[in-house]
Amino acid sequence: MRGARRRPTLAALALLAVLPATAVAGSPDGAARAPRAVWTWEEDTERLVQDEAAAERALQLARREGIQTFYLYADSFQGRNLLQDDAAGWRRLLRRFHSSGITVHALLGSAYLHTERYVLPEHRAAAVAMVGRVLEFNAGGPSAARFDAIHFDIEPHQLDEWDTRREALLAGFLDMGSAFMALKRQAGSDIPIGPDIPFWLDGITLEWRGHRATVAEHAIGLFDFVTLMDYRNRADGGDGIVSHARTEMEIAERLGKRVVIGLETGEGELPKVTFKGLPRTRMEEELAATETAFRASPAFAGFAIHHYSTWQAWLSATPEPATR
């Protein structure tokens with residue numbers, strides 16, 4: 001690895017508590033299995049907030065499948081924002097999840113709101129307000145009823161002008177993220193903040209604020225953690241999970257940050273991006289191989305599964321027990 005390794009930041013150390021390893025029998029070499037998380041989008045999150053039976057089913061699923069973290073959507077949807085309209089329901093859910101040992105990230109960014117536009121300067125105020133609502137919610141409640149992290153999914157490559165304004169849009173993404181981190185500092189909060197990023201950002205070099213580096217290095221340096229959208233269904237090979245994550249893991253290790261590896265279970269444009277249609281044993285084999293490759297790295301923070309609904313459908317279609 002290139003460069004001296006920095007000591008972990010306070011935010012990175014705080015994140016260790018957000019993303020703990022969990023001992024599970026049968027993991028590689030008998031070691032504790034890496035933590036697992038699941039993205040949970042708009043409709044699914046609303047059900048968990050407003051329906052106690054749905055929340056209990058989610059907890060049962062987490063216990064059965066070894067999920068330690070839920071990314072729960074925490075912004076506006078269909079004219080409502082439950083953080084403001086049903087804060088009591090949110091706090092009840094957070095207490096319930098925390099009492100079961102589950103950490104919860106506030107998941108921000110939405111196709112419904114077209115938040116890919118938030119990287120544009122004219123939408124910066126809306127982006128900052130989105131994060132501000134979570135910080136305000138956390139400040140107004142007891143520790144047991146607060147979010148453990150802020151996790152956002154805002155993808156500038158979804159904009160129509162991506163092909164012609166790629167560098168400007170990526171700079172806008174970093175400027176937006178810098179505004180999020182500044183807002184956190186202004187609020188006196190130590191909540192970890194991190195984005196979803198595609199694995200191919202390590203192939204794009206960008207001059208940003210006087211420093212020339214890959215966008216992956218800019219992002220990993222800026223945020224407390226990243227979740228890498230490493231959507232492949234094989235661990236090995238040049239187009240595999242391990243290969244696509246290796247550079248980000250090296251950068252994060254050098255900078256004292258953490259990387260979660262994201263995996264897909266829904267529809268994909270190419271079969272190689274998703275585990276849909278494959279047995280659970282196949283996913284467990286690929287995750288075990290990935291974990292073996294990265295277990296020694298202090299940057300490796302486990303896996304995240306995209307997403308709650310498609311994952312449930314996939315589990316139902318592949319009834320054989322997961323490898324433990």
# chains A, B, ... in the order shown; residues from 1 in each chain; ligands from 1
call {"tool": "residues_around", "arguments": {"residues": "His98 of chain A", "least_positions_apart": "3", "cutoff": "12 Å", "atoms": "only C-alpha atoms", "output": "VMD selection string"}}
result
chain A and resid 18 59 68 to 70 91 to 95 101 to 105 143 to 148
call {"tool": "write_last_selection", "arguments": {"atoms": "N, CA, C and O atoms", "output": "mmCIF file, in the first residue's frame"}}
result
data_model
loop_
_atom_site.group_PDB
_atom_site.id
_atom_site.type_symbol
_atom_site.label_atom_id
_atom_site.label_comp_id
_atom_site.auth_asym_id
_atom_site.auth_seq_id
_atom_site.Cartn_x
_atom_site.Cartn_y
_atom_site.Cartn_z
ATOM 1 N N VAL A 18 -20.773 1.194 15.469
ATOM 2 C CA VAL A 18 -21.931 1.108 14.585
ATOM 3 C C VAL A 18 -21.883 -0.158 13.738
ATOM 4 O O VAL A 18 -22.908 -0.738 13.399
ATOM 5 N N LEU A 59 -37.280 -7.872 12.645
ATOM 6 C CA LEU A 59 -36.353 -8.325 13.676
ATOM 7 C C LEU A 59 -36.153 -9.832 13.627
ATOM 8 O O LEU A 59 -35.041 -10.336 13.821
ATOM 9 N N GLN A 68 -27.119 -7.133 11.312
ATOM 10 C CA GLN A 68 -26.868 -6.272 12.467
ATOM 11 C C GLN A 68 -27.268 -4.813 12.254
ATOM 12 O O GLN A 68 -27.384 -4.060 13.217
ATOM 13 N N THR A 69 -27.454 -4.398 10.999
ATOM 14 C CA THR A 69 -27.728 -2.987 10.709
ATOM 15 C C THR A 69 -28.809 -2.870 9.643
ATOM 16 O O THR A 69 -28.781 -3.587 8.645
ATOM 17 N N PHE A 70 -29.750 -1.963 9.872
ATOM 18 C CA PHE A 70 -30.739 -1.602 8.868
ATOM 19 C C PHE A 70 -30.462 -0.172 8.408
ATOM 20 O O PHE A 70 -30.263 0.722 9.228
ATOM 21 N N ARG A 91 -39.254 6.988 16.945
ATOM 22 C CA ARG A 91 -38.506 6.750 18.182
ATOM 23 C C ARG A 91 -38.868 5.396 18.784
ATOM 24 O O ARG A 91 -37.998 4.700 19.335
ATOM 25 N N ARG A 92 -40.110 5.010 18.670
ATOM 26 C CA ARG A 92 -40.523 3.679 19.138
ATOM 27 C C ARG A 92 -39.778 2.588 18.373
ATOM 28 O O ARG A 92 -39.278 1.617 18.964
ATOM 29 N N LEU A 93 -39.686 2.747 17.048
ATOM 30 C CA LEU A 93 -38.993 1.752 16.226
ATOM 31 C C LEU A 93 -37.507 1.700 16.566
ATOM 32 O O LEU A 93 -36.919 0.612 16.692
ATOM 33 N N LEU A 94 -36.879 2.853 16.709
ATOM 34 C CA LEU A 94 -35.451 2.893 17.017
ATOM 35 C C LEU A 94 -35.159 2.238 18.364
ATOM 36 O O LEU A 94 -34.194 1.475 18.509
ATOM 37 N N ARG A 95 -35.984 2.529 19.367
ATOM 38 C CA ARG A 95 -35.795 1.869 20.673
ATOM 39 C C ARG A 95 -35.927 0.353 20.532
ATOM 40 O O ARG A 95 -35.145 -0.403 21.123
ATOM 41 N N GLY A 101 -30.324 -5.147 19.690
ATOM 42 C CA GLY A 101 -28.937 -5.159 19.244
ATOM 43 C C GLY A 101 -28.743 -4.744 17.801
ATOM 44 O O GLY A 101 -27.673 -4.975 17.228
ATOM 45 N N ILE A 102 -29.760 -4.118 17.188
ATOM 46 C CA ILE A 102 -29.695 -3.693 15.791
ATOM 47 C C ILE A 102 -29.344 -2.211 15.729
ATOM 48 O O ILE A 102 -29.948 -1.392 16.427
ATOM 49 N N THR A 103 -28.353 -1.846 14.909
ATOM 50 C CA THR A 103 -28.066 -0.439 14.662
ATOM 51 C C THR A 103 -28.851 0.032 13.441
ATOM 52 O O THR A 103 -29.206 -0.764 12.569
ATOM 53 N N VAL A 104 -29.113 1.323 13.400
ATOM 54 C CA VAL A 104 -29.968 1.880 12.353
ATOM 55 C C VAL A 104 -29.309 3.119 11.763
ATOM 56 O O VAL A 104 -28.960 4.058 12.489
ATOM 57 N N HIS A 105 -29.147 3.114 10.435
ATOM 58 C CA HIS A 105 -28.684 4.289 9.709
ATOM 59 C C HIS A 105 -29.885 4.998 9.085
ATOM 60 O O HIS A 105 -30.786 4.336 8.547
ATOM 61 N N SER A 143 -30.638 8.880 23.573
ATOM 62 C CA SER A 143 -29.689 8.105 22.764
ATOM 63 C C SER A 143 -30.298 6.820 22.238
ATOM 64 O O SER A 143 -29.974 6.390 21.126
ATOM 65 N N ALA A 144 -31.177 6.212 22.996
ATOM 66 C CA ALA A 144 -31.785 4.947 22.561
ATOM 67 C C ALA A 144 -32.728 5.137 21.382
ATOM 68 O O ALA A 144 -33.089 4.164 20.714
ATOM 69 N N ALA A 145 -33.129 6.372 21.116
ATOM 70 C CA ALA A 145 -34.100 6.644 20.058
ATOM 71 C C ALA A 145 -33.513 7.573 19.005
ATOM 72 O O ALA A 145 -34.214 8.397 18.420
ATOM 73 N N ARG A 146 -32.206 7.425 18.751
ATOM 74 C CA ARG A 146 -31.531 8.208 17.718
ATOM 75 C C ARG A 146 -30.965 7.276 16.654
ATOM 76 O O ARG A 146 -30.699 6.098 16.914
ATOM 77 N N PHE A 147 -30.728 7.836 15.475
ATOM 78 C CA PHE A 147 -30.023 7.111 14.426
ATOM 79 C C PHE A 147 -28.550 6.978 14.800
ATOM 80 O O PHE A 147 -27.961 7.868 15.406
ATOM 81 N N ASP A 148 -27.966 5.857 14.395
ATOM 82 C CA ASP A 148 -26.564 5.595 14.686
ATOM 83 C C ASP A 148 -25.632 6.168 13.629
ATOM 84 O O ASP A 148 -24.434 6.334 13.890
#
call {"tool": "residues_around", "arguments": {"residues": "Val215 of chain A", "least_positions_apart": "5", "cutoff": "7 Å", "atoms": "only C-alpha atoms", "output": "PyMOL selection string"}}
result
chain A and resi 201-202+204-206
call {"tool": "residues_around", "arguments": {"residues": "Ile154 of chain A", "least_positions_apart": "2", "cutoff": "9 Å", "atoms": "only C-alpha atoms", "output": "number ranges by chain"}}
result
A: 108-110, 114-119, 152, 156, 158, 173, 195-197
call {"tool": "closest_residue", "arguments": {"among": "A:Pro121, A:His211, A:Glu285, A:Pro279", "to": "Asp236 of chain A", "atoms": "only C-alpha atoms"}}
result
A:Glu285
call {"tool": "residues_around", "arguments": {"residues": "Lys272 of chain A", "least_positions_apart": "4", "cutoff": "9 Å", "atoms": "only C-alpha atoms", "output": "NGL selection string"}}
result
:A and (231-234 or 268)
call {"tool": "atom_distance", "arguments": {"atom1": "atom CA of Pro198 of chain A", "atom2": "atom CA of Thr227 of chain A"}}
result
8.6 Å
call {"tool": "select_by_dssp", "arguments": {"residues": "segment 27-214 of chain A", "states": "strand (DSSP E or B)", "output": "PyMOL selection string"}}
result
chain A and resi 33+36-40+69-73+77+80+103-108+149-152+193-198+205-208+211-214
call {"tool": "closest_residue", "arguments": {"among": "A:Gln50, A:Thr164, A:Ser100, A:Ser178", "to": "His218 of chain A", "atoms": "only C-alpha atoms"}}
result
A:Ser178
call {"tool": "residues_around", "arguments": {"residues": "Tyr71 of chain A", "least_positions_apart": "4", "cutoff": "8 Å", "atoms": "only C-alpha atoms", "output": "list of chain:residue names"}}
result
A:Ala37, A:Val38, A:Trp39, A:Thr40, A:Val104, A:His105, A:Ala106, A:Leu107, A:His151
call {"tool": "write_last_selection", "arguments": {"atoms": "N, CA and C atoms", "output": "compact mmCIF listing (two decimals), in the first residue's frame"}}
result
# COMPACT_ATOMS: atom_id res chain seq x y z
N ALA A 37 -25.65 -5.75 6.71
CA ALA A 37 -26.67 -4.72 6.75
C ALA A 37 -27.62 -4.92 5.58
N VAL A 38 -28.76 -4.20 5.62
CA VAL A 38 -29.70 -4.28 4.50
C VAL A 38 -30.30 -2.90 4.26
N TRP A 39 -30.28 -2.47 2.99
CA TRP A 39 -30.98 -1.25 2.59
C TRP A 39 -32.49 -1.49 2.69
N THR A 40 -33.21 -0.49 3.20
CA THR A 40 -34.67 -0.60 3.34
C THR A 40 -35.28 0.70 2.85
N VAL A 104 -29.11 1.32 13.40
CA VAL A 104 -29.97 1.88 12.35
C VAL A 104 -29.31 3.12 11.76
N HIS A 105 -29.15 3.11 10.44
CA HIS A 105 -28.68 4.29 9.71
C HIS A 105 -29.89 5.00 9.09
N ALA A 106 -29.89 6.32 9.14
CA ALA A 106 -30.88 7.10 8.40
C ALA A 106 -30.47 7.09 6.93
N LEU A 107 -31.29 6.46 6.10
CA LEU A 107 -31.00 6.33 4.67
C LEU A 107 -31.63 7.49 3.93
N HIS A 151 -26.62 7.72 6.22
CA HIS A 151 -26.17 6.95 5.06
C HIS A 151 -26.94 7.47 3.85
call {"tool": "residues_around", "arguments": {"residues": "Tyr308 of chain A", "least_positions_apart": "4", "cutoff": "12 Å", "atoms": "only C-alpha atoms", "output": "number ranges by chain"}}
result
A: 37-45, 47-48, 57-58, 61-62, 67, 69-73, 263-266, 304, 312-315
call {"tool": "write_last_selection", "arguments": {"atoms": "N, CA and C atoms", "output": "mmCIF file, in the first residue's frame"}}
result
data_model
loop_
_atom_site.group_PDB
_atom_site.id
_atom_site.type_symbol
_atom_site.label_atom_id
_atom_site.label_comp_id
_atom_site.auth_asym_id
_atom_site.auth_seq_id
_atom_site.Cartn_x
_atom_site.Cartn_y
_atom_site.Cartn_z
ATOM 1 N N ALA A 37 -25.648 -5.754 6.710
ATOM 2 C CA ALA A 37 -26.666 -4.719 6.749
ATOM 3 C C ALA A 37 -27.616 -4.921 5.579
ATOM 4 N N VAL A 38 -28.755 -4.205 5.621
ATOM 5 C CA VAL A 38 -29.704 -4.279 4.505
ATOM 6 C C VAL A 38 -30.301 -2.897 4.265
ATOM 7 N N TRP A 39 -30.281 -2.469 2.995
ATOM 8 C CA TRP A 39 -30.984 -1.251 2.595
ATOM 9 C C TRP A 39 -32.492 -1.489 2.694
ATOM 10 N N THR A 40 -33.215 -0.486 3.204
ATOM 11 C CA THR A 40 -34.669 -0.596 3.340
ATOM 12 C C THR A 40 -35.282 0.703 2.852
ATOM 13 N N TRP A 41 -35.999 0.624 1.728
ATOM 14 C CA TRP A 41 -36.447 1.839 1.059
ATOM 15 C C TRP A 41 -37.814 2.307 1.543
ATOM 16 N N GLU A 42 -38.446 3.214 0.755
ATOM 17 C CA GLU A 42 -39.545 4.029 1.240
ATOM 18 C C GLU A 42 -40.712 3.227 1.826
ATOM 19 N N GLU A 43 -41.385 2.432 0.983
ATOM 20 C CA GLU A 43 -42.588 1.745 1.452
ATOM 21 C C GLU A 43 -42.281 0.781 2.590
ATOM 22 N N ASP A 44 -41.174 0.071 2.473
ATOM 23 C CA ASP A 44 -40.817 -0.890 3.510
ATOM 24 C C ASP A 44 -40.543 -0.188 4.837
ATOM 25 N N THR A 45 -39.847 0.935 4.800
ATOM 26 C CA THR A 45 -39.563 1.659 6.040
ATOM 27 C C THR A 45 -40.834 2.209 6.663
ATOM 28 N N ARG A 47 -43.743 0.965 6.588
ATOM 29 C CA ARG A 47 -44.427 -0.140 7.268
ATOM 30 C C ARG A 47 -43.776 -0.433 8.618
ATOM 31 N N LEU A 48 -42.442 -0.410 8.661
ATOM 32 C CA LEU A 48 -41.766 -0.704 9.920
ATOM 33 C C LEU A 48 -42.070 0.360 10.972
ATOM 34 N N ARG A 57 -41.483 -8.688 12.340
ATOM 35 C CA ARG A 57 -41.041 -9.589 11.263
ATOM 36 C C ARG A 57 -39.626 -9.229 10.806
ATOM 37 N N ALA A 58 -39.329 -7.933 10.739
ATOM 38 C CA ALA A 58 -37.985 -7.505 10.349
ATOM 39 C C ALA A 58 -36.951 -7.963 11.365
ATOM 40 N N LEU A 61 -36.379 -11.651 10.949
ATOM 41 C CA LEU A 61 -35.537 -11.863 9.774
ATOM 42 C C LEU A 61 -34.075 -11.554 10.099
ATOM 43 N N ALA A 62 -33.859 -10.458 10.822
ATOM 44 C CA ALA A 62 -32.494 -10.086 11.193
ATOM 45 C C ALA A 62 -31.854 -11.172 12.053
ATOM 46 N N ILE A 67 -28.419 -10.223 10.402
ATOM 47 C CA ILE A 67 -28.327 -8.811 10.037
ATOM 48 C C ILE A 67 -28.146 -7.982 11.301
ATOM 49 N N THR A 69 -27.454 -4.398 10.999
ATOM 50 C CA THR A 69 -27.728 -2.987 10.709
ATOM 51 C C THR A 69 -28.809 -2.870 9.643
ATOM 52 N N PHE A 70 -29.750 -1.963 9.872
ATOM 53 C CA PHE A 70 -30.739 -1.602 8.868
ATOM 54 C C PHE A 70 -30.462 -0.172 8.408
ATOM 55 N N TYR A 71 -30.447 0.026 7.092
ATOM 56 C CA TYR A 71 -30.454 1.366 6.524
ATOM 57 C C TYR A 71 -31.923 1.687 6.254
ATOM 58 N N LEU A 72 -32.525 2.552 7.066
ATOM 59 C CA LEU A 72 -33.952 2.839 6.963
ATOM 60 C C LEU A 72 -34.175 4.223 6.356
ATOM 61 N N TYR A 73 -34.983 4.269 5.303
ATOM 62 C CA TYR A 73 -35.246 5.518 4.592
ATOM 63 C C TYR A 73 -35.851 6.541 5.545
ATOM 64 N N LEU A 263 -24.004 -5.598 -2.073
ATOM 65 C CA LEU A 263 -24.347 -6.675 -2.995
ATOM 66 C C LEU A 263 -25.810 -6.557 -3.391
ATOM 67 N N GLU A 264 -26.144 -7.033 -4.572
ATOM 68 C CA GLU A 264 -27.484 -6.876 -5.135
ATOM 69 C C GLU A 264 -28.219 -8.212 -5.177
ATOM 70 N N THR A 265 -29.530 -8.174 -4.848
ATOM 71 C CA THR A 265 -30.375 -9.370 -4.975
ATOM 72 C C THR A 265 -31.578 -9.128 -5.884
ATOM 73 N N GLY A 266 -31.691 -7.928 -6.458
ATOM 74 C CA GLY A 266 -32.826 -7.628 -7.325
ATOM 75 C C GLY A 266 -32.481 -7.764 -8.786
ATOM 76 N N ALA A 304 -23.411 -5.211 2.858
ATOM 77 C CA ALA A 304 -24.768 -4.679 2.848
ATOM 78 C C ALA A 304 -25.513 -5.291 1.671
ATOM 79 N N GLN A 312 -36.001 -10.359 0.536
ATOM 80 C CA GLN A 312 -37.014 -11.264 1.062
ATOM 81 C C GLN A 312 -37.552 -12.186 -0.031
ATOM 82 N N ALA A 313 -37.827 -11.618 -1.205
ATOM 83 C CA ALA A 313 -38.314 -12.430 -2.317
ATOM 84 C C ALA A 313 -37.274 -13.469 -2.718
ATOM 85 N N TRP A 314 -36.011 -13.065 -2.732
ATOM 86 C CA TRP A 314 -34.926 -13.987 -3.079
ATOM 87 C C TRP A 314 -34.801 -15.096 -2.050
ATOM 88 N N LEU A 315 -34.920 -14.750 -0.762
ATOM 89 C CA LEU A 315 -34.852 -15.764 0.285
ATOM 90 C C LEU A 315 -35.987 -16.772 0.139
#
call {"tool": "select_by_dssp", "arguments": {"residues": "segment 18-245 of chain A", "states": "helix (DSSP H, G or I)", "output": "number ranges by chain"}}
result
A: 18, 28-30, 42-50, 52-65, 82-85, 87-99, 115-119, 121-139, 143-145, 156-158, 162-186, 199-203, 215-222, 241-245
call {"tool": "closest_residue", "arguments": {"among": "A:Trp311, A:Phe294, A:Ile261, A:Leu135", "to": "Phe275 of chain A", "atoms": "only C-alpha atoms"}}
result
A:Trp311
call {"tool": "closest_residue", "arguments": {"among": "A:Ala74, A:Val49, A:Phe180, A:Ala299", "to": "Gly89 of chain A", "atoms": "only C-alpha atoms"}}
result
A:Val49
call {"tool": "residues_around", "arguments": {"residues": "Phe223 of chain A", "least_positions_apart": "3", "cutoff": "10 Å", "atoms": "only C-alpha atoms", "output": "list of chain:residue names"}}
result
A:Ala11, A:Ala12, A:Leu174, A:Gly177, A:Ser178, A:Phe180, A:Met181, A:Pro192, A:Ile193, A:Gly194, A:Pro195, A:His218, A:Ala219, A:Ile220, A:Val226, A:Lys257, A:Arg258
call {"tool": "write_last_selection", "arguments": {"atoms": "N, CA and C atoms", "output": "short mmCIF file (atom, residue, chain, number, x, y, z; two decimals), in the first residue's frame"}}
result
data_model
loop_
_atom_site.label_atom_id
_atom_site.label_comp_id
_atom_site.auth_asym_id
_atom_site.auth_seq_id
_atom_site.Cartn_x
_atom_site.Cartn_y
_atom_site.Cartn_z
N ALA A 11 -14.34 9.87 14.35
CA ALA A 11 -15.55 9.38 13.69
C ALA A 11 -15.40 7.94 13.26
N ALA A 12 -14.19 7.59 12.78
CA ALA A 12 -13.97 6.21 12.38
C ALA A 12 -14.04 5.28 13.58
N LEU A 174 -18.95 15.97 -4.32
CA LEU A 174 -18.01 16.19 -3.22
C LEU A 174 -18.32 17.49 -2.48
N GLY A 177 -21.19 16.74 -0.26
CA GLY A 177 -20.75 15.96 0.89
C GLY A 177 -20.00 16.82 1.90
N SER A 178 -19.18 17.74 1.40
CA SER A 178 -18.46 18.64 2.30
C SER A 178 -19.44 19.49 3.09
N PHE A 180 -22.43 18.56 3.97
CA PHE A 180 -23.01 17.67 4.99
C PHE A 180 -22.09 17.58 6.20
N MET A 181 -20.79 17.39 5.94
CA MET A 181 -19.85 17.24 7.03
C MET A 181 -19.72 18.54 7.83
N PRO A 192 -21.59 9.37 12.48
CA PRO A 192 -20.88 9.07 11.23
C PRO A 192 -21.77 9.32 10.02
N ILE A 193 -21.19 9.84 8.95
CA ILE A 193 -21.89 10.09 7.70
C ILE A 193 -21.12 9.42 6.57
N GLY A 194 -21.83 8.71 5.70
CA GLY A 194 -21.16 8.07 4.58
C GLY A 194 -22.10 7.83 3.42
N PRO A 195 -21.57 7.81 2.19
CA PRO A 195 -22.38 7.61 0.99
C PRO A 195 -22.26 6.20 0.42
N HIS A 218 -10.94 10.92 -2.93
CA HIS A 218 -11.58 12.14 -2.40
C HIS A 218 -12.74 11.76 -1.47
N ALA A 219 -13.60 10.85 -1.92
CA ALA A 219 -14.79 10.50 -1.15
C ALA A 219 -14.43 9.79 0.16
N ILE A 220 -13.52 8.84 0.09
CA ILE A 220 -13.14 8.10 1.29
C ILE A 220 -12.47 9.03 2.29
N VAL A 226 -17.69 4.59 3.68
CA VAL A 226 -18.41 4.48 2.40
C VAL A 226 -18.97 3.07 2.29
N LYS A 257 -10.29 4.82 7.50
CA LYS A 257 -11.74 4.83 7.26
C LYS A 257 -12.24 3.39 7.09
N ARG A 258 -13.55 3.25 6.87
CA ARG A 258 -14.16 1.92 6.75
C ARG A 258 -14.92 1.79 5.43
#
call {"tool": "decode", "arguments": {"residues": "segment 226-262 of chain A", "atoms": "C-alpha atoms", "output": "short mmCIF file (atom, residue, chain, number, x, y, z; two decimals), in the first residue's frame"}}
result
data_model
loop_
_atom_site.label_atom_id
_atom_site.label_comp_id
_atom_site.auth_asym_id
_atom_site.auth_seq_id
_atom_site.Cartn_x
_atom_site.Cartn_y
_atom_site.Cartn_z
CA VAL A 226 -18.41 4.48 2.40
CA THR A 227 -20.60 1.67 1.18
CA LEU A 228 -19.23 0.36 -2.10
CA MET A 229 -21.85 -0.64 -4.67
CA ASP A 230 -19.79 -3.67 -5.67
CA TYR A 231 -22.58 -5.37 -7.57
CA ARG A 232 -21.12 -8.63 -8.79
CA ASN A 233 -22.08 -12.22 -7.95
CA ARG A 234 -18.57 -13.69 -7.93
CA ALA A 235 -15.77 -12.93 -5.49
CA ASP A 236 -12.83 -13.85 -7.70
CA GLY A 237 -11.57 -12.77 -11.11
CA GLY A 238 -10.80 -9.40 -12.64
CA ASP A 239 -14.50 -8.50 -12.71
CA GLY A 240 -15.23 -9.90 -9.25
CA ILE A 241 -16.21 -8.43 -5.88
CA VAL A 242 -12.70 -8.62 -4.43
CA SER A 243 -10.96 -7.05 -7.41
CA HIS A 244 -13.42 -4.15 -7.57
CA ALA A 245 -13.11 -3.43 -3.83
CA ARG A 246 -9.36 -3.80 -3.41
CA THR A 247 -8.36 -0.22 -4.27
CA GLU A 248 -11.04 1.30 -2.02
CA MET A 249 -9.98 -0.99 0.82
CA GLU A 250 -6.35 0.11 0.43
CA ILE A 251 -7.31 3.79 0.38
CA ALA A 252 -9.54 3.41 3.44
CA GLU A 253 -6.89 1.50 5.34
CA ARG A 254 -4.36 4.25 4.65
CA LEU A 255 -6.80 6.98 5.71
CA GLY A 256 -8.23 5.20 8.77
CA LYS A 257 -11.74 4.83 7.26
CA ARG A 258 -14.16 1.92 6.75
CA VAL A 259 -15.66 0.28 3.65
CA VAL A 260 -18.87 -1.77 3.54
CA ILE A 261 -19.25 -3.97 0.45
CA GLY A 262 -22.71 -3.78 -1.14
#
